[in-house]
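*Asks:* Here you go, this is upload-v3.txt (compact mmCIF, C-alpha atoms).
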# COMPACT_ATOMS: atom_id res chain seq x y z
CA MET A 1 -32.71 -38.78 44.73
CA SER A 2 -32.25 -41.32 41.97
CA GLU A 3 -33.75 -38.80 39.64
CA PHE A 4 -30.98 -36.39 40.56
CA VAL A 5 -28.36 -39.04 39.84
CA ASN A 6 -29.99 -39.69 36.49
CA VAL A 7 -29.77 -36.03 35.58
CA ALA A 8 -26.13 -35.86 36.65
CA VAL A 9 -25.25 -38.88 34.57
CA ALA A 10 -27.12 -37.44 31.62
CA VAL A 11 -25.13 -34.21 31.88
CA VAL A 12 -21.81 -36.07 32.05
CA VAL A 13 -22.75 -38.17 29.03
CA ALA A 14 -23.78 -35.04 27.16
CA VAL A 15 -20.41 -33.43 27.89
CA PHE A 16 -18.54 -36.48 26.61
CA ILE A 17 -20.63 -36.63 23.47
CA PHE A 18 -19.97 -32.96 22.90
CA ARG A 19 -16.21 -33.41 23.36
CA TRP A 20 -16.20 -36.34 21.01
CA ALA A 21 -18.25 -34.49 18.42
CA THR A 22 -16.03 -31.40 18.42
CA SER A 23 -12.76 -33.30 18.39
CA SER A 24 -13.84 -35.47 15.49
CA SER A 25 -14.70 -32.40 13.44
CA GLU A 26 -10.97 -32.25 12.77
CA THR A 27 -10.09 -34.18 9.65
CA PRO A 28 -7.43 -36.85 9.97
CA GLU A 29 -5.21 -34.71 7.77
CA GLN A 30 -5.50 -31.74 10.11
CA ARG A 31 -4.81 -33.92 13.08
CA ASN A 32 -1.75 -35.25 11.36
CA ILE A 33 -0.46 -31.73 10.76
CA ARG A 34 -1.19 -30.77 14.32
CA THR A 35 0.69 -33.69 15.82
CA THR A 36 3.64 -33.14 13.50
CA LEU A 37 3.96 -29.45 14.28
CA GLY A 38 3.12 -29.80 17.93
CA PHE A 39 0.47 -27.07 17.78
CA LYS A 40 -2.71 -26.33 15.94
CA PRO A 41 -1.70 -24.28 12.89
CA LYS A 42 -3.53 -21.07 12.12
CA ASN A 43 -4.77 -20.31 8.68
CA VAL A 44 -1.98 -18.70 6.66
CA THR A 45 -2.54 -17.20 3.23
CA GLN A 46 0.11 -16.47 0.64
CA ASP A 47 -0.85 -12.82 1.01
CA MET A 48 0.20 -12.80 4.65
CA ILE A 49 3.54 -14.37 3.82
CA ASP A 50 4.08 -11.90 1.00
CA THR A 51 3.33 -8.98 3.29
CA VAL A 52 5.99 -10.01 5.77
CA THR A 53 8.44 -10.94 3.01
CA THR A 54 8.24 -7.55 1.39
CA MET A 55 8.90 -5.87 4.71
CA PHE A 56 11.78 -8.17 5.61
CA PRO A 57 13.22 -9.51 2.39
CA ASP A 58 16.18 -11.10 4.15
CA MET A 59 14.03 -13.29 6.36
CA PRO A 60 13.76 -16.88 5.05
CA VAL A 61 10.25 -17.60 3.82
CA ASP A 62 10.03 -20.83 5.78
CA ASN A 63 10.76 -19.05 9.04
CA ILE A 64 8.05 -16.54 8.23
CA ARG A 65 5.51 -19.18 7.33
CA TYR A 66 6.33 -21.22 10.41
CA ASP A 67 5.87 -18.22 12.67
CA LEU A 68 2.66 -17.21 10.92
CA LEU A 69 1.31 -20.72 11.46
CA ARG A 70 1.84 -20.12 15.15
CA THR A 71 0.56 -16.58 15.38
CA GLY A 72 -1.89 -16.40 12.51
CA ASN A 73 -1.32 -12.68 12.52
CA VAL A 74 0.97 -10.58 10.33
CA GLU A 75 1.31 -7.87 12.95
CA VAL A 76 2.41 -10.19 15.74
CA THR A 77 5.00 -11.80 13.49
CA THR A 78 6.23 -8.42 12.28
CA ASN A 79 6.59 -7.16 15.83
CA LYS A 80 8.53 -10.25 16.73
CA ILE A 81 10.99 -9.62 13.90
CA ILE A 82 11.36 -5.99 14.89
CA GLU A 83 11.84 -6.76 18.56
CA ARG A 84 14.07 -9.80 18.32
CA GLY A 85 15.59 -9.27 14.90
CA TYR A 86 15.09 -12.90 13.85
CA LEU A 87 12.54 -15.69 13.67
CA ASP A 88 13.08 -19.26 14.75
CA ALA A 89 13.85 -21.67 11.97
CA PRO A 90 11.16 -24.31 11.60
CA PRO A 91 11.89 -27.83 12.89
CA ALA A 92 12.62 -30.64 10.47
CA SER A 93 9.09 -31.99 10.83
CA TYR A 94 7.74 -28.78 9.32
CA PHE A 95 9.32 -29.57 5.96
CA ARG A 96 7.45 -32.84 5.82
CA ILE A 97 4.24 -30.86 5.54
CA TYR A 98 5.51 -27.85 3.63
CA PRO A 99 8.25 -29.10 1.35
CA ARG A 100 10.71 -26.40 0.39
CA ALA A 101 10.09 -26.96 -3.29
CA ASP A 102 6.53 -25.69 -3.37
CA LEU A 103 7.42 -22.33 -1.96
CA GLN A 104 10.02 -21.37 -4.47
CA PRO A 105 10.36 -17.64 -3.92
CA GLN A 106 8.56 -15.71 -6.59
CA GLN A 107 10.33 -12.54 -5.57
CA GLY A 108 13.90 -11.60 -6.20
CA ALA A 109 14.02 -10.54 -2.57
CA THR A 110 14.38 -14.13 -1.38
CA ALA A 111 17.06 -14.95 -3.87
CA THR A 112 19.31 -16.64 -1.33
CA THR A 113 18.02 -20.05 -2.34
CA THR A 114 17.81 -19.46 -6.06
CA SER A 115 20.56 -19.75 -8.58
CA THR A 116 22.99 -16.96 -9.27
CA GLN A 117 21.53 -16.40 -12.68
CA THR A 118 18.05 -15.50 -11.38
CA ASN A 119 19.77 -13.63 -8.61
CA ALA A 120 21.37 -11.24 -11.05
CA ALA A 121 18.18 -10.85 -13.02
CA ALA A 122 16.25 -10.17 -9.87
CA SER A 123 18.50 -7.46 -8.57
CA SER A 124 18.30 -5.49 -11.78
CA SER A 125 14.57 -5.96 -12.31
CA LYS A 126 13.72 -5.36 -8.68
CA LEU A 127 14.64 -1.76 -9.20
CA GLN A 128 12.04 -1.14 -11.82
CA ASN A 129 9.09 -3.39 -11.10
CA ARG A 130 9.37 -5.88 -13.92
CA LYS A 131 5.66 -6.42 -14.47
CA LYS A 132 3.94 -3.45 -15.94
CA ASP A 133 1.34 -1.97 -13.66
CA PRO A 134 -1.98 -0.91 -15.11
CA SER A 135 -1.78 2.76 -15.95
CA LEU A 136 -4.02 5.36 -14.39
CA ILE A 137 -5.89 5.62 -17.66
CA GLU A 138 -6.81 1.93 -17.56
CA ARG A 139 -7.57 2.05 -13.89
CA PHE A 140 -10.05 4.89 -14.13
CA HIS A 141 -11.42 3.68 -17.47
CA LEU A 142 -10.50 6.86 -19.28
CA GLU A 143 -9.49 5.21 -22.57
CA SER A 144 -12.36 6.67 -24.53
CA ARG A 145 -11.82 10.14 -23.14
CA VAL A 146 -8.13 9.96 -23.87
CA SER A 147 -8.67 9.02 -27.49
CA SER A 148 -11.34 11.65 -28.05
CA GLU A 149 -9.07 14.19 -26.45
CA ASP A 150 -6.12 13.30 -28.64
CA VAL A 151 -8.20 14.23 -31.65
CA THR A 152 -9.54 17.52 -30.38
CA THR A 153 -6.55 18.68 -28.41
CA SER A 154 -5.02 20.86 -31.12
CA GLU A 155 -8.14 22.96 -31.64
CA SER A 156 -9.08 23.50 -28.03
CA GLU A 157 -5.88 24.97 -26.66
CA SER A 158 -7.82 27.71 -24.95
CA LYS A 159 -9.61 25.61 -22.35
CA VAL A 160 -6.50 23.88 -21.08
CA ILE A 161 -6.56 23.35 -17.34
CA THR A 162 -3.75 22.19 -15.10
CA PRO A 163 -4.08 19.32 -12.66
CA GLU A 164 -3.50 21.76 -9.83
CA GLU A 165 -6.64 23.67 -10.72
CA VAL A 166 -8.66 20.49 -10.42
CA GLY A 167 -7.43 20.00 -6.86
CA LYS A 168 -8.77 23.37 -5.80
CA LYS A 169 -12.16 24.30 -4.43
CA SER A 170 -15.19 22.31 -5.39
CA VAL A 171 -18.87 22.14 -4.51
CA TRP A 172 -20.01 20.03 -1.58
CA GLU A 173 -23.03 18.20 -2.95
CA SER A 174 -25.74 17.33 -0.49
CA ASN A 175 -26.36 13.73 -1.50
CA PRO A 176 -23.74 10.99 -1.40
CA GLU A 177 -24.21 9.87 -5.02
CA ALA A 178 -23.54 13.35 -6.37
CA ARG A 179 -20.50 13.69 -4.14
CA GLU A 180 -19.11 10.38 -5.33
CA ALA A 181 -19.66 11.36 -8.93
CA SER A 182 -18.10 14.77 -8.42
CA LEU A 183 -14.99 13.32 -6.80
CA LYS A 184 -14.68 10.73 -9.53
CA GLU A 185 -14.94 13.38 -12.18
CA ARG A 186 -12.33 15.53 -10.48
CA LYS A 187 -9.94 12.60 -10.31
CA ALA A 188 -10.50 11.86 -13.99
CA GLN A 189 -9.86 15.48 -14.89
CA MET A 190 -6.72 15.57 -12.83
CA ILE A 191 -5.32 12.56 -14.66
CA LEU A 192 -6.32 13.87 -18.08
CA ALA A 193 -4.91 17.32 -17.36
CA ALA A 194 -1.62 15.87 -16.15
CA ARG A 195 -1.41 13.67 -19.22
CA ARG A 196 -2.08 16.57 -21.54
CA ARG A 197 0.57 18.72 -19.89
CA LEU A 198 3.13 15.96 -20.06
CA GLN A 199 2.37 15.37 -23.71
CA GLU A 200 2.84 19.02 -24.53
CA GLN A 201 6.13 19.05 -22.69
CA SER A 202 7.40 16.08 -24.63
CA LYS A 203 6.34 17.75 -27.87
CA LYS A 204 8.51 20.73 -27.04
CA ALA A 205 11.47 18.66 -25.88
CA PRO A 206 11.18 15.41 -27.82
CA SER A 207 12.43 12.90 -25.27
CA PRO A 208 13.58 14.35 -21.98
CA THR A 209 13.89 10.90 -20.43
CA ALA A 210 16.35 9.78 -23.06
CA THR A 211 18.81 12.57 -22.47
CA GLY A 212 21.01 11.39 -19.67
CA SER A 213 23.58 14.16 -19.99
CA ASP A 214 21.84 17.51 -20.14
CA MET B 1 -20.40 -0.04 9.64
CA ALA B 2 -22.53 -0.59 12.73
CA ALA B 3 -20.40 -3.59 13.57
CA ARG B 4 -17.41 -1.38 14.20
CA GLY B 5 -18.89 -0.11 17.46
CA SER B 6 -19.33 3.33 18.92
CA GLY B 7 -15.73 4.42 18.37
CA ALA B 8 -16.32 4.03 14.67
CA SER B 9 -19.06 6.64 14.62
CA THR B 10 -16.63 9.21 16.00
CA ALA B 11 -14.18 8.18 13.33
CA ALA B 12 -16.80 8.35 10.59
CA ARG B 13 -17.92 11.80 11.71
CA ARG B 14 -14.38 13.07 11.76
CA LEU B 15 -13.69 11.59 8.31
CA MET B 16 -16.85 13.14 6.96
CA LYS B 17 -15.72 16.53 8.22
CA GLU B 18 -12.25 16.18 6.74
CA TYR B 19 -13.77 15.09 3.46
CA MET B 20 -16.09 18.08 3.46
CA ASP B 21 -13.27 20.52 4.24
CA LEU B 22 -11.09 19.07 1.53
CA THR B 23 -13.88 19.27 -1.01
CA LYS B 24 -15.03 22.77 -0.16
CA ASN B 25 -11.67 24.41 0.36
CA GLY B 26 -9.64 22.27 -1.98
CA SER B 27 -6.12 21.19 -1.21
CA PRO B 28 -3.30 23.72 -0.80
CA ASP B 29 -2.12 24.69 -4.30
CA GLY B 30 -4.40 21.96 -5.62
CA MET B 31 -1.73 19.40 -4.93
CA PHE B 32 -4.13 16.51 -4.46
CA THR B 33 -7.71 15.27 -4.39
CA ALA B 34 -8.80 12.83 -1.75
CA GLY B 35 -11.99 11.21 -0.60
CA PRO B 36 -13.68 7.89 0.09
CA ILE B 37 -13.85 5.61 -2.93
CA SER B 38 -17.45 4.90 -2.10
CA GLU B 39 -19.53 6.51 0.62
CA SER B 40 -20.69 3.11 1.78
CA ASP B 41 -17.23 2.67 3.27
CA PHE B 42 -15.85 5.81 4.84
CA PHE B 43 -12.72 4.04 6.02
CA THR B 44 -11.12 3.51 2.63
CA TRP B 45 -10.03 6.59 0.76
CA GLU B 46 -8.26 7.17 -2.45
CA ALA B 47 -5.99 10.13 -3.09
CA LEU B 48 -4.51 11.43 -6.30
CA ILE B 49 -1.36 13.41 -5.67
CA CYS B 50 0.43 15.65 -8.14
CA GLY B 51 4.19 15.27 -8.24
CA PRO B 52 5.92 18.31 -6.71
CA LYS B 53 7.71 20.76 -8.98
CA ASP B 54 11.46 20.59 -9.58
CA THR B 55 11.61 16.92 -8.71
CA PRO B 56 11.64 13.89 -11.01
CA PHE B 57 8.04 13.35 -9.91
CA GLU B 58 6.99 16.64 -11.51
CA GLY B 59 4.12 16.29 -13.91
CA GLY B 60 3.07 12.92 -12.58
CA VAL B 61 -0.09 11.94 -10.79
CA PHE B 62 0.12 9.26 -8.12
CA LEU B 63 -2.63 7.14 -6.75
CA ALA B 64 -2.58 6.24 -3.06
CA LYS B 65 -4.98 4.28 -0.94
CA LEU B 66 -5.65 5.47 2.59
CA THR B 67 -6.96 2.94 5.07
CA PHE B 68 -8.36 4.29 8.29
CA PRO B 69 -8.59 2.33 11.55
CA SER B 70 -11.89 2.27 13.42
CA ASP B 71 -10.33 4.31 16.23
CA TYR B 72 -9.21 7.12 13.92
CA PRO B 73 -8.01 9.78 14.78
CA LEU B 74 -6.44 8.15 17.84
CA SER B 75 -4.48 5.85 15.57
CA PRO B 76 -3.00 7.02 12.29
CA PHE B 77 -4.21 5.74 8.95
CA LYS B 78 -2.12 3.76 6.50
CA MET B 79 -1.09 5.08 3.17
CA LYS B 80 -0.12 2.87 0.26
CA PHE B 81 0.83 3.95 -3.22
CA ASP B 82 -0.76 1.81 -5.88
CA PRO B 83 1.19 0.99 -7.99
CA PRO B 84 4.12 1.23 -5.57
CA LEU B 85 6.17 4.36 -5.94
CA PHE B 86 9.89 4.06 -6.52
CA HIS B 87 11.14 6.18 -3.68
CA PRO B 88 13.59 5.62 -0.80
CA ASN B 89 10.87 6.02 1.83
CA VAL B 90 8.23 3.86 0.21
CA TYR B 91 8.32 0.12 0.86
CA PRO B 92 8.45 -2.06 -2.25
CA ASP B 93 4.78 -2.92 -1.66
CA GLY B 94 3.83 0.77 -1.82
CA THR B 95 3.34 1.50 1.87
CA VAL B 96 4.61 4.91 2.86
CA CYS B 97 7.13 5.08 5.68
CA ILE B 98 6.90 8.54 7.19
CA SER B 99 7.20 9.63 10.79
CA ILE B 100 3.90 11.49 10.81
CA LEU B 101 2.09 8.18 10.24
CA HIS B 102 3.75 6.47 13.19
CA THR B 103 2.38 6.76 16.69
CA PRO B 104 4.92 7.88 19.31
CA GLY B 105 4.95 4.31 20.61
CA ASP B 106 6.12 2.44 17.58
CA ASP B 107 9.35 3.42 15.99
CA PRO B 108 10.52 0.98 13.37
CA THR B 109 13.58 3.02 12.48
CA HIS B 110 14.60 4.72 15.77
CA TYR B 111 15.31 7.93 13.92
CA GLU B 112 12.20 9.89 14.70
CA GLN B 113 11.35 12.58 17.21
CA ALA B 114 8.15 12.08 19.18
CA SER B 115 7.12 15.56 18.11
CA GLU B 116 6.92 14.66 14.45
CA ARG B 117 4.73 11.62 15.02
CA TRP B 118 1.06 11.02 14.59
CA SER B 119 -1.35 12.72 16.95
CA PRO B 120 -5.09 13.26 16.67
CA VAL B 121 -4.56 16.89 15.65
CA GLN B 122 -2.98 15.72 12.41
CA CYS B 123 -5.24 15.14 9.45
CA VAL B 124 -5.27 13.76 5.95
CA GLU B 125 -4.30 17.09 4.47
CA LYS B 126 -1.22 17.53 6.66
CA VAL B 127 -0.09 13.96 6.09
CA ILE B 128 -0.38 14.23 2.32
CA LEU B 129 1.53 17.51 2.36
CA SER B 130 4.26 15.81 4.39
CA VAL B 131 4.32 13.01 1.86
CA VAL B 132 4.64 15.54 -0.96
CA SER B 133 7.65 17.14 0.70
CA MET B 134 9.02 13.66 1.32
CA LEU B 135 8.82 13.02 -2.43
CA ALA B 136 10.98 16.08 -2.98
CA GLU B 137 13.44 15.30 -0.21
CA PRO B 138 13.84 11.62 0.56
CA ASN B 139 15.02 10.79 4.04
CA LEU B 140 17.83 8.30 3.52
CA GLU B 141 18.33 7.77 7.24
CA SER B 142 15.11 5.84 7.56
CA GLY B 143 14.96 4.14 4.21
CA ALA B 144 12.18 1.71 3.40
CA ASN B 145 13.34 0.59 -0.02
CA ILE B 146 17.01 -0.25 0.40
CA ASP B 147 17.71 -0.74 -3.30
CA CYS B 148 16.20 2.61 -4.06
CA CYS B 149 18.22 4.25 -1.28
CA LYS B 150 21.42 2.83 -2.71
CA LEU B 151 20.54 3.95 -6.20
CA TYR B 152 19.58 7.41 -5.00
CA ARG B 153 22.90 7.77 -3.24
CA ASP B 154 25.19 6.22 -5.85
CA ASN B 155 23.49 7.02 -9.14
CA LYS B 156 20.94 9.75 -8.79
CA GLU B 157 20.66 10.18 -12.53
CA GLU B 158 19.47 6.62 -12.99
CA TYR B 159 17.05 7.00 -10.08
CA GLU B 160 15.51 10.07 -11.68
CA ARG B 161 15.32 8.33 -15.03
CA ILE B 162 13.38 5.41 -13.52
CA VAL B 163 11.02 7.75 -11.72
CA ARG B 164 10.36 9.79 -14.87
CA ALA B 165 9.81 6.68 -16.94
CA LYS B 166 7.28 5.47 -14.37
CA VAL B 167 5.45 8.78 -14.44
CA ARG B 168 5.09 8.57 -18.21
CA GLU B 169 4.10 4.94 -18.18
CA GLN B 170 1.32 5.67 -15.70
CA LEU B 171 -0.09 8.47 -17.83
CA GLU B 172 0.40 6.57 -21.09
CA VAL B 173 2.55 9.28 -22.57
CA ASP B 174 5.06 7.93 -25.09
CA LEU B 175 8.35 7.08 -23.52
CA GLY B 176 11.68 8.32 -24.75
CA GLU B 177 13.45 6.25 -27.40
CA ASP B 178 15.61 4.25 -25.05
CA GLU B 179 12.57 3.17 -23.08
CA ALA B 180 10.48 2.27 -26.08
CA GLN B 181 11.50 -1.38 -26.18
Can you dump the structure from the file as structure tokens?
*Replies:*
Amino acid sequence: MSEFVNVAVAVVVAVFIFRWATSSSETPEQRNIRTTLGFKPKNVTQDMIDTVTTMFPDMPVDNIRYDLLRTGNVEVTTNKIIERGYLDAPPASYFRIYPRADLQPQQGATATTTSTQTNAAASSSKLQNRKKDPSLIERFHLESRVSSEDVTTSESESKVITPEEVGKKSVWESNPEAREASLKERKAQMILAARRRLQEQSKKAPSPTATGSD
Amino acid sequence: MAARGSGASTAARRLMKEYMDLTKNGSPDGMFTAGPISESDFFTWEALICGPKDTPFEGGVFLAKLTFPSDYPLSPFKMKFDPPLFHPNVYPDGTVCISILHTPGDDPTHYEQASERWSPVQCVEKVILSVVSMLAEPNLESGANIDCCKLYRDNKEEYERIVRAKVREQLEVDLGEDEAQ
């Protein structure tokens, strides 16, 4: 009988030790955040915030971040916005942990808090993606082929192919590596063919983009 | 891939078949090429789409990433232009907003008929063809890029100029004089 009691006590002690061990795995900082917010925040990356911000540029970033801390899930937050049309503003205690200053909007979309000067700049640049994206040539590492082509292009007019021909029938290779290579090559050819055609067009009509009134 | 469960094997088989059909038969009029970036991951595809004729996109080639869910074809895939395309129905982050990629349940814009939504009989080819016709005829009722919608409506010339400039920038063809700076 006493043995049974011993076992029971041992189990209870084990449970308490386990509780204590798991609760103390939280750093004091995390505990501080949790008590301030009133819930245990989920992990929120800048990416997640950006995703929601681009979809709903009018939504204040703090509201988005606060909701993401609760949900930890872009989809749930997005659905909430769609269903309710708004997100709750974070309580004052939230700004003690996430001061407004450190999330200065990097996008023109959230220009409500920025000055009018950046506002104007943002609205004009927003239309044409201010930072230059890497071109397809860079992306598919076709620089060498482009430069070799620019040299030979005048002599080899006969073998000109259009990008549309590249998209037509092809051979289904039996092993994955060959298939990957074949697809890659077709994509490269499509880009090169499109580039060549565009170049020829601009040779005929010097700068079609510059003529606004034709 | 084993971690994705049994539903994923159906999806992978279906994707393999679509890939094979697209490779063997080509795309209609050779409008695009599509396939998995690497065969180790059948759920991420890349597509190169030619800009349709008689539109400002003509002559351009556009790169889009297709991300398939593990329960494909029950759920639609996602399509994202990279770099983002300047078009009224493409979100500023590049995601395409088109009814054929929405399931009948979710309707972010409330403008779509259930009949033109995603269903398992749709496929990559049909979706890309729909996207191509969307490039030619933007649907301003369910705009995704509000600034672009406004510009398209108020100043179509400027919209077309931006699109053309983008096309040239992507293919590294010299821009017109006024874009050179």
*Asks:* If we count all atoms listed in the file, what is near range 125-127 of chain B at a cut-off of 8 Å, once residues fewer than 6 positions away on the same chain are taken out, given as a ChimeraX atom specification?
*Replies:* /B:22,27,100-101
*Asks:* Go ahead and write the selection's residues with C-alpha atoms as a compact mmCIF listing (two decimals), in the coordinates of the input.
*Replies:*
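Here's the written file selection_39.txt:
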# COMPACT_ATOMS: atom_id res chain seq x y z
CA LEU B 22 -11.09 19.07 1.53
CA SER B 27 -6.12 21.19 -1.21
CA ILE B 100 3.90 11.49 10.81
CA LEU B 101 2.09 8.18 10.24
*Asks:* Would you give me, as a ChimeraX atom specification, the residues of chain B that come within 6 Å of chain A, using all atoms listed in the file?
*Replies:* /B:23-27,30-33,170-171,176,178
*Asks:* For CA of Leu87 in chain A and CA of Gly94 in chain B, quote the distance in Å rounded to one decimal.
*Replies:*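 A separation of 24.2 Å between them.
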*Asks:* Excluding same-chain residues fewer than 3 positions from range 53-55 of chain B, what lies within 12 Å of it counting all atoms listed in the file, as a PyMOL selection string?
*Replies:* (chain A and resi 164) or (chain B and resi 29+31+50+58-61+87+132-138+156-157+159-161+163-164+167)
*Asks:* List as a list in words the protein and nucleic acid residues near Cys148 in chain B, meaning an atom at most 7 Å away when only C-alpha atoms are counted, but skip any in the same chain fewer than 3 places from it.
*Replies:*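 My list of contacting residues is Leu127 of chain A; Phe86, His87, Pro88, Asn145, Leu151 and Tyr152 of chain B.
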*Asks:* Using all atoms listed in the file, which residues sit within 10 Å of Pro69 in chain B once same-chain residues fewer than 3 positions away are excluded, as a PyMOL selection string?
*Replies:* chain B and resi 4+8+11+43-44+66+72-78
